[in-house]
Amino acid sequence: MTTQTGTFKVKKGLAQMLKGGVIMDVVTADHARIAEDAGAVAVMALERVPADIRAYGGVARMSDPELIIQIMEAVSIPVMAKCRIGHFVEAQILEALGVDYIDESEVLTPADEAHHIYKHDFKVPFVCGARNLGEALRRIGEGAAMIRTKGEAGTGDIIEAVRHARSVIGDIRRLQNMPVEEVMTFAKEIGAPFELALEVRELGRLPVVNFAAGGIATPADAALMMQLGVDGVFVGSGIFKSGDPAKRAAAIVKATTHYNDPGILAEISRNLGEPMVGRQVSEIPEGELLAGRGW
Amino acid sequence: MKIGVLALQGDFIEHESMLRRLGVETQEVRLPEHLQNLDGLIIPGGESTTIGKLATDFNLIEPLRDFGREKAIWGTCAGAIFLSRDARRSQPLLSLMDIRVERNAFGRQVDSFEADLDVPRLNAPGSESRLYHAVFIRAPLIEEVGPQVEVLARLQDGRIVAARQGHLLATSFHPELTEDDRFHAYFLRLAGKQETIVACEES
């Protein structure tokens, strides 16, 4: 009777357990407890939520391990943490801390302008952002066990998350209806590994769990992404930058479960207090956009 | 036969595909009225705190308890925790099974594992015994079982990972993440038996 740890099945499996759930950004142990009480399936431990990373400027790096440890000790649900794109030593440190998932994230300042981390070398699973099917399949090829849309983090504007989800799901539909002899050229055009393109054509979905992230601020935003066909949602600045974080967090959790029931959505959307102020993506100078980071 | 899958959060779709493969009709359960006309219910893997909170908020706790007193329920991982009477911390539980569980008993995600188990109940009488390949993800352990509980599987070191109490079933691993449908078939036999018992009593 042999036991194996760190297999792709158990890495991908944890993401499957998070489906239909909400993963919340938290910056303190107290936030983490509020998130857990509100019904979060996991928390993302970081020093600053994306809206503050934008406001603060400078280089955004992996969080202080002390903060991550405090958050891990505060809650019983999985704890995720972010490393910079291509910064495999930050990833090694996060793995040594025992975090449950690493987000190789465009929200932090990239460490490598051409390469992502080779994620198969790690026992801890990775989630990566993607704007389209080619990018998603490149990340899965490198070993990502979960994908999320990039959206445009820290804005409270859902438009980019919608664009990215529609792009990924639309390309999957195209692939499904494509004669097999056209798949190689399609894979070449979108820069996807051929074998993974074939697998997606067969499955009719990504081979790993696919969440929405970047700009979700209301229960209706979460339900919109679920109806578009994602498996769950990340909420970053949208909760703790709002007027009543506990109430809004609980409402977004309910909306992610009952995403197809407008009566329930209407009920839980009432009296949530001020949403995060937000910033229209179209008004942000190109150099400040985060979604373009990653290759 | 129609089997419900609690669809508040977690990997309920994986259970549904396995059930459909076995030719069973499925129903996603998010509200109490979805429990009508079901022969059994599966509570999937997920986060037990999230499932417990949503079950409380949408008034499912009592209807689920009533359902479990008469009909078959199977909890996998988070579902097993939810079925237990004690998870050693304060969170909503159905308290249907006389088992005490320890959450995240093996450590964090890097300690999640796959292992082969000997599950005698899954082997058809007379046929050769075949190990069951099980997937454990931040898995709970069944620490203690009451007198009416039958232990179905243990790890090599003796720790309990699957148990049955009448028509209630708990596994700390995820048969829905494998291609092996023997555990689902076993659960359908439990759900079917219950149906026969009820039918006899009525006639």
# chains A, B, ... in the order shown; residues from 1 in each chain; ligands from 1
>>> residues_around(residues="Leu224 in chain A", least_positions_apart="6", cutoff="10 Å", atoms="only C-alpha atoms", output="PyMOL selection string")
chain A and resi 158+162+216+218+230+255-256+259-260
>>> write_last_selection(atoms="C-alpha atoms", output="PDB file, in the first residue's frame")
ATOM      1  CA  ILE A 158     -16.151  43.821 -14.011  1.00  0.00           C
ATOM      2  CA  VAL A 162     -16.248  39.385 -18.477  1.00  0.00           C
ATOM      3  CA  ILE A 216     -15.932  41.585  -8.739  1.00  0.00           C
ATOM      4  CA  THR A 218     -21.267  42.887  -5.826  1.00  0.00           C
ATOM      5  CA  VAL A 230     -16.881  29.913 -14.426  1.00  0.00           C
ATOM      6  CA  ALA A 255     -24.937  34.744  -4.706  1.00  0.00           C
ATOM      7  CA  THR A 256     -22.263  32.309  -5.891  1.00  0.00           C
ATOM      8  CA  TYR A 259     -26.416  32.399  -9.053  1.00  0.00           C
ATOM      9  CA  ASN A 260     -29.354  31.200 -11.143  1.00  0.00           C
TER      10      ASN A 260
END
>>> residues_around(residues="Gly158 in chain B", least_positions_apart="5", cutoff="12 Å", atoms="only C-alpha atoms", output="list in words")
Leu117, Asp118, Leu141, Ile142, Glu143, Val151, Leu152 and Ala153 of chain B
>>> closest_atom_pairs(of="chain A", to="chain B", cutoff="6 Å", atoms="only C-alpha atoms", output="tab-separated table")
residue	atom	partner	partner_atom	distance
A:Met1	CA	B:Asp116	CA	5.6
A:Thr2	CA	B:Ala115	CA	5.9
A:Thr3	CA	B:Ala115	CA	4.5
A:Gln4	CA	B:Glu114	CA	5.3
A:Thr5	CA	B:Phe113	CA	4.3
A:Gln16	CA	B:Asp11	CA	5.6
A:Met17	CA	B:Gly46	CA	4.2
A:Leu18	CA	B:Gly10	CA	5.7
A:Lys19	CA	B:Gly10	CA	5.0
A:Gly20	CA	B:Gln9	CA	4.7
A:Gly21	CA	B:Gln9	CA	5.9
A:Gly39	CA	B:Thr50	CA	4.4
A:Val41	CA	B:Glu47	CA	5.7
A:Asp100	CA	B:Gln109	CA	4.9
A:Lys123	CA	B:Val110	CA	5.8
A:Val124	CA	B:Val110	CA	5.4
A:Thr257	CA	B:Leu8	CA	5.6
>>> write_last_selection(atoms="N, CA, C and O atoms", output="compact mmCIF listing (two decimals), in the first residue's frame")
# COMPACT_ATOMS: atom_id res chain seq x y z
N MET A 1 0.85 -1.20 0.00
CA MET A 1 0.00 0.00 0.00
C MET A 1 0.88 1.25 0.00
O MET A 1 1.44 1.63 1.03
N THR A 2 1.03 1.88 -1.15
CA THR A 2 1.90 3.05 -1.22
C THR A 2 1.07 4.32 -1.18
O THR A 2 -0.07 4.34 -1.65
N THR A 3 1.61 5.38 -0.60
CA THR A 3 0.91 6.66 -0.66
C THR A 3 1.79 7.64 -1.43
O THR A 3 3.00 7.60 -1.33
N GLN A 4 1.13 8.50 -2.20
CA GLN A 4 1.84 9.50 -2.99
C GLN A 4 1.29 10.88 -2.67
O GLN A 4 0.07 11.06 -2.66
N THR A 5 2.18 11.85 -2.44
CA THR A 5 1.74 13.23 -2.24
C THR A 5 2.15 14.07 -3.45
O THR A 5 2.97 13.65 -4.25
N GLN A 16 -10.98 21.62 -7.19
CA GLN A 16 -12.32 21.07 -7.41
C GLN A 16 -13.18 21.22 -6.15
O GLN A 16 -14.38 21.43 -6.23
N MET A 17 -12.54 21.14 -4.98
CA MET A 17 -13.27 21.29 -3.72
C MET A 17 -13.69 22.74 -3.47
O MET A 17 -14.53 23.03 -2.65
N LEU A 18 -13.03 23.68 -4.16
CA LEU A 18 -13.33 25.10 -3.95
C LEU A 18 -14.47 25.58 -4.85
O LEU A 18 -14.98 26.70 -4.71
N LYS A 19 -14.88 24.72 -5.80
CA LYS A 19 -15.88 25.13 -6.79
C LYS A 19 -17.17 25.61 -6.14
O LYS A 19 -17.55 25.12 -5.08
N GLY A 20 -17.82 26.55 -6.81
CA GLY A 20 -19.06 27.10 -6.28
C GLY A 20 -18.82 27.96 -5.06
O GLY A 20 -19.74 28.27 -4.32
N GLY A 21 -17.55 28.34 -4.85
CA GLY A 21 -17.22 29.09 -3.65
C GLY A 21 -16.54 30.42 -3.96
O GLY A 21 -16.25 30.74 -5.12
N GLY A 39 -18.35 32.56 5.13
CA GLY A 39 -18.53 31.40 4.25
C GLY A 39 -17.52 31.30 3.12
O GLY A 39 -17.73 30.54 2.17
N VAL A 41 -14.51 29.96 0.93
CA VAL A 41 -13.93 28.61 0.83
C VAL A 41 -12.42 28.64 1.03
O VAL A 41 -11.80 27.62 1.27
N ASP A 100 -1.56 26.61 1.08
CA ASP A 100 -2.28 25.55 0.38
C ASP A 100 -2.31 25.75 -1.13
O ASP A 100 -2.51 24.80 -1.88
N LYS A 123 5.29 20.72 -4.95
CA LYS A 123 4.23 19.87 -4.39
C LYS A 123 2.97 20.69 -4.14
O LYS A 123 1.87 20.16 -4.11
N VAL A 124 3.16 21.97 -3.89
CA VAL A 124 2.02 22.84 -3.64
C VAL A 124 1.43 23.23 -5.01
O VAL A 124 2.16 23.44 -5.97
N THR A 257 -23.66 30.62 -4.81
CA THR A 257 -24.42 29.35 -4.75
C THR A 257 -25.72 29.45 -5.54
O THR A 257 -26.05 28.58 -6.34
>>> closest_residue(among="A:Ser76, A:Thr7, A:Ser105, A:Thr185", to="Met62 in chain A", atoms="only C-alpha atoms")
A:Ser105
>>> closest_residue(among="A:Arg139, A:Lys11, A:Lys150, A:Arg205", to="Asp171 in chain A", atoms="only C-alpha atoms")
A:Arg205
>>> atom_distance(atom1="CA of Ile117 in chain A", atom2="CA of Ile190 in chain A")
20.1 Å
>>> atom_distance(atom1="CA of Glu182 in chain A", atom2="CA of Arg131 in chain A")
22.5 Å
>>> select_by_dssp(residues="range 107-163 of chain A", states="alpha helix (DSSP H)", output="PyMOL selection string")
chain A and resi 133-142+159-163
>>> decode(residues="range 62-75 of chain A", atoms="all heavy atoms", output="CSV table (one decimal), in the first residue's frame")
chain,number,residue,atom,x,y,z
A,62,MET,N,6.0,39.5,-2.8
A,62,MET,CA,5.4,38.5,-1.9
A,62,MET,C,5.3,39.1,-0.5
A,62,MET,O,6.1,39.9,-0.1
A,62,MET,CB,6.4,37.3,-1.8
A,62,MET,CG,6.0,36.2,-0.8
A,62,MET,SD,7.3,34.9,-0.6
A,62,MET,CE,8.4,35.7,0.6
A,63,SER,N,4.2,38.7,0.2
A,63,SER,CA,3.9,39.3,1.6
A,63,SER,C,5.0,38.7,2.6
A,63,SER,O,5.6,37.7,2.4
A,63,SER,CB,2.5,38.9,2.0
A,63,SER,OG,1.6,39.5,1.2
A,64,ASP,N,5.1,39.5,3.7
A,64,ASP,CA,5.9,39.0,4.8
A,64,ASP,C,5.4,37.7,5.3
A,64,ASP,O,4.2,37.5,5.7
A,64,ASP,CB,5.8,40.1,5.9
A,64,ASP,CG,6.6,39.8,7.1
A,64,ASP,OD1,7.1,38.6,7.3
A,64,ASP,OD2,6.9,40.7,7.9
A,65,PRO,N,6.3,36.6,5.4
A,65,PRO,CA,5.9,35.3,5.9
A,65,PRO,C,5.2,35.4,7.2
A,65,PRO,O,4.3,34.6,7.5
A,65,PRO,CB,7.2,34.5,6.0
A,65,PRO,CG,8.1,35.2,4.9
A,65,PRO,CD,7.7,36.6,4.9
A,66,GLU,N,5.6,36.3,8.1
A,66,GLU,CA,4.9,36.4,9.4
A,66,GLU,C,3.4,36.6,9.3
A,66,GLU,O,2.6,36.0,10.0
A,66,GLU,CB,5.6,37.6,10.2
A,66,GLU,CG,5.0,37.8,11.6
A,66,GLU,CD,5.0,36.6,12.5
A,66,GLU,OE1,6.0,35.8,12.4
A,66,GLU,OE2,4.2,36.5,13.4
A,67,LEU,N,3.1,37.5,8.4
A,67,LEU,CA,1.6,37.8,8.1
A,67,LEU,C,0.9,36.6,7.6
A,67,LEU,O,-0.2,36.2,8.1
A,67,LEU,CB,1.5,39.0,7.1
A,67,LEU,CG,0.1,39.2,6.7
A,67,LEU,CD1,-0.6,40.1,7.6
A,67,LEU,CD2,0.0,39.8,5.3
A,68,ILE,N,1.6,35.9,6.7
A,68,ILE,CA,0.9,34.7,6.1
A,68,ILE,C,0.7,33.6,7.2
A,68,ILE,O,-0.3,33.0,7.3
A,68,ILE,CB,1.8,34.1,5.0
A,68,ILE,CG1,1.8,35.2,3.8
A,68,ILE,CG2,1.2,32.8,4.4
A,68,ILE,CD1,2.8,34.9,2.7
A,69,ILE,N,1.7,33.5,8.1
A,69,ILE,CA,1.6,32.5,9.2
A,69,ILE,C,0.5,32.8,10.1
A,69,ILE,O,-0.3,32.0,10.5
A,69,ILE,CB,3.0,32.4,9.9
A,69,ILE,CG1,4.0,31.7,9.0
A,69,ILE,CG2,2.8,31.6,11.2
A,69,ILE,CD1,5.4,31.8,9.5
A,70,GLN,N,0.4,34.1,10.5
A,70,GLN,CA,-0.7,34.6,11.3
A,70,GLN,C,-2.1,34.2,10.8
A,70,GLN,O,-3.0,33.8,11.5
A,70,GLN,CB,-0.6,36.1,11.6
A,70,GLN,CG,0.4,36.5,12.6
A,70,GLN,CD,0.6,38.0,12.6
A,70,GLN,OE1,-0.2,38.7,12.1
A,70,GLN,NE2,1.7,38.4,13.3
A,71,ILE,N,-2.2,34.4,9.5
A,71,ILE,CA,-3.5,34.1,8.8
A,71,ILE,C,-3.7,32.6,8.7
A,71,ILE,O,-4.8,32.2,9.0
A,71,ILE,CB,-3.5,34.8,7.4
A,71,ILE,CG1,-3.6,36.3,7.6
A,71,ILE,CG2,-4.6,34.3,6.6
A,71,ILE,CD1,-3.5,37.2,6.4
A,72,MET,N,-2.7,31.8,8.5
A,72,MET,CA,-2.8,30.4,8.5
A,72,MET,C,-3.3,29.9,9.8
A,72,MET,O,-4.0,28.9,9.9
A,72,MET,CB,-1.5,29.7,8.1
A,72,MET,CG,-1.2,29.8,6.6
A,72,MET,SD,0.5,29.4,6.1
A,72,MET,CE,0.7,27.8,6.8
A,73,GLU,N,-2.8,30.5,10.9
A,73,GLU,CA,-3.1,30.1,12.2
A,73,GLU,C,-4.5,30.5,12.6
A,73,GLU,O,-5.2,29.9,13.5
A,73,GLU,CB,-2.1,30.6,13.3
A,73,GLU,CG,-0.8,29.8,13.2
A,73,GLU,CD,0.3,30.4,14.0
A,73,GLU,OE1,0.1,31.6,14.6
A,73,GLU,OE2,1.4,29.8,14.1
A,74,ALA,N,-5.0,31.6,12.0
A,74,ALA,CA,-6.3,32.1,12.4
A,74,ALA,C,-7.5,31.3,11.8
A,74,ALA,O,-8.6,31.4,12.4
A,74,ALA,CB,-6.4,33.6,11.9
A,75,VAL,N,-7.4,30.6,10.7
A,75,VAL,CA,-8.5,30.0,10.0
A,75,VAL,C,-8.3,28.5,9.7
A,75,VAL,O,-7.2,28.1,9.6
A,75,VAL,CB,-8.9,30.7,8.7
A,75,VAL,CG1,-9.5,32.1,9.0
A,75,VAL,CG2,-7.7,30.8,7.8
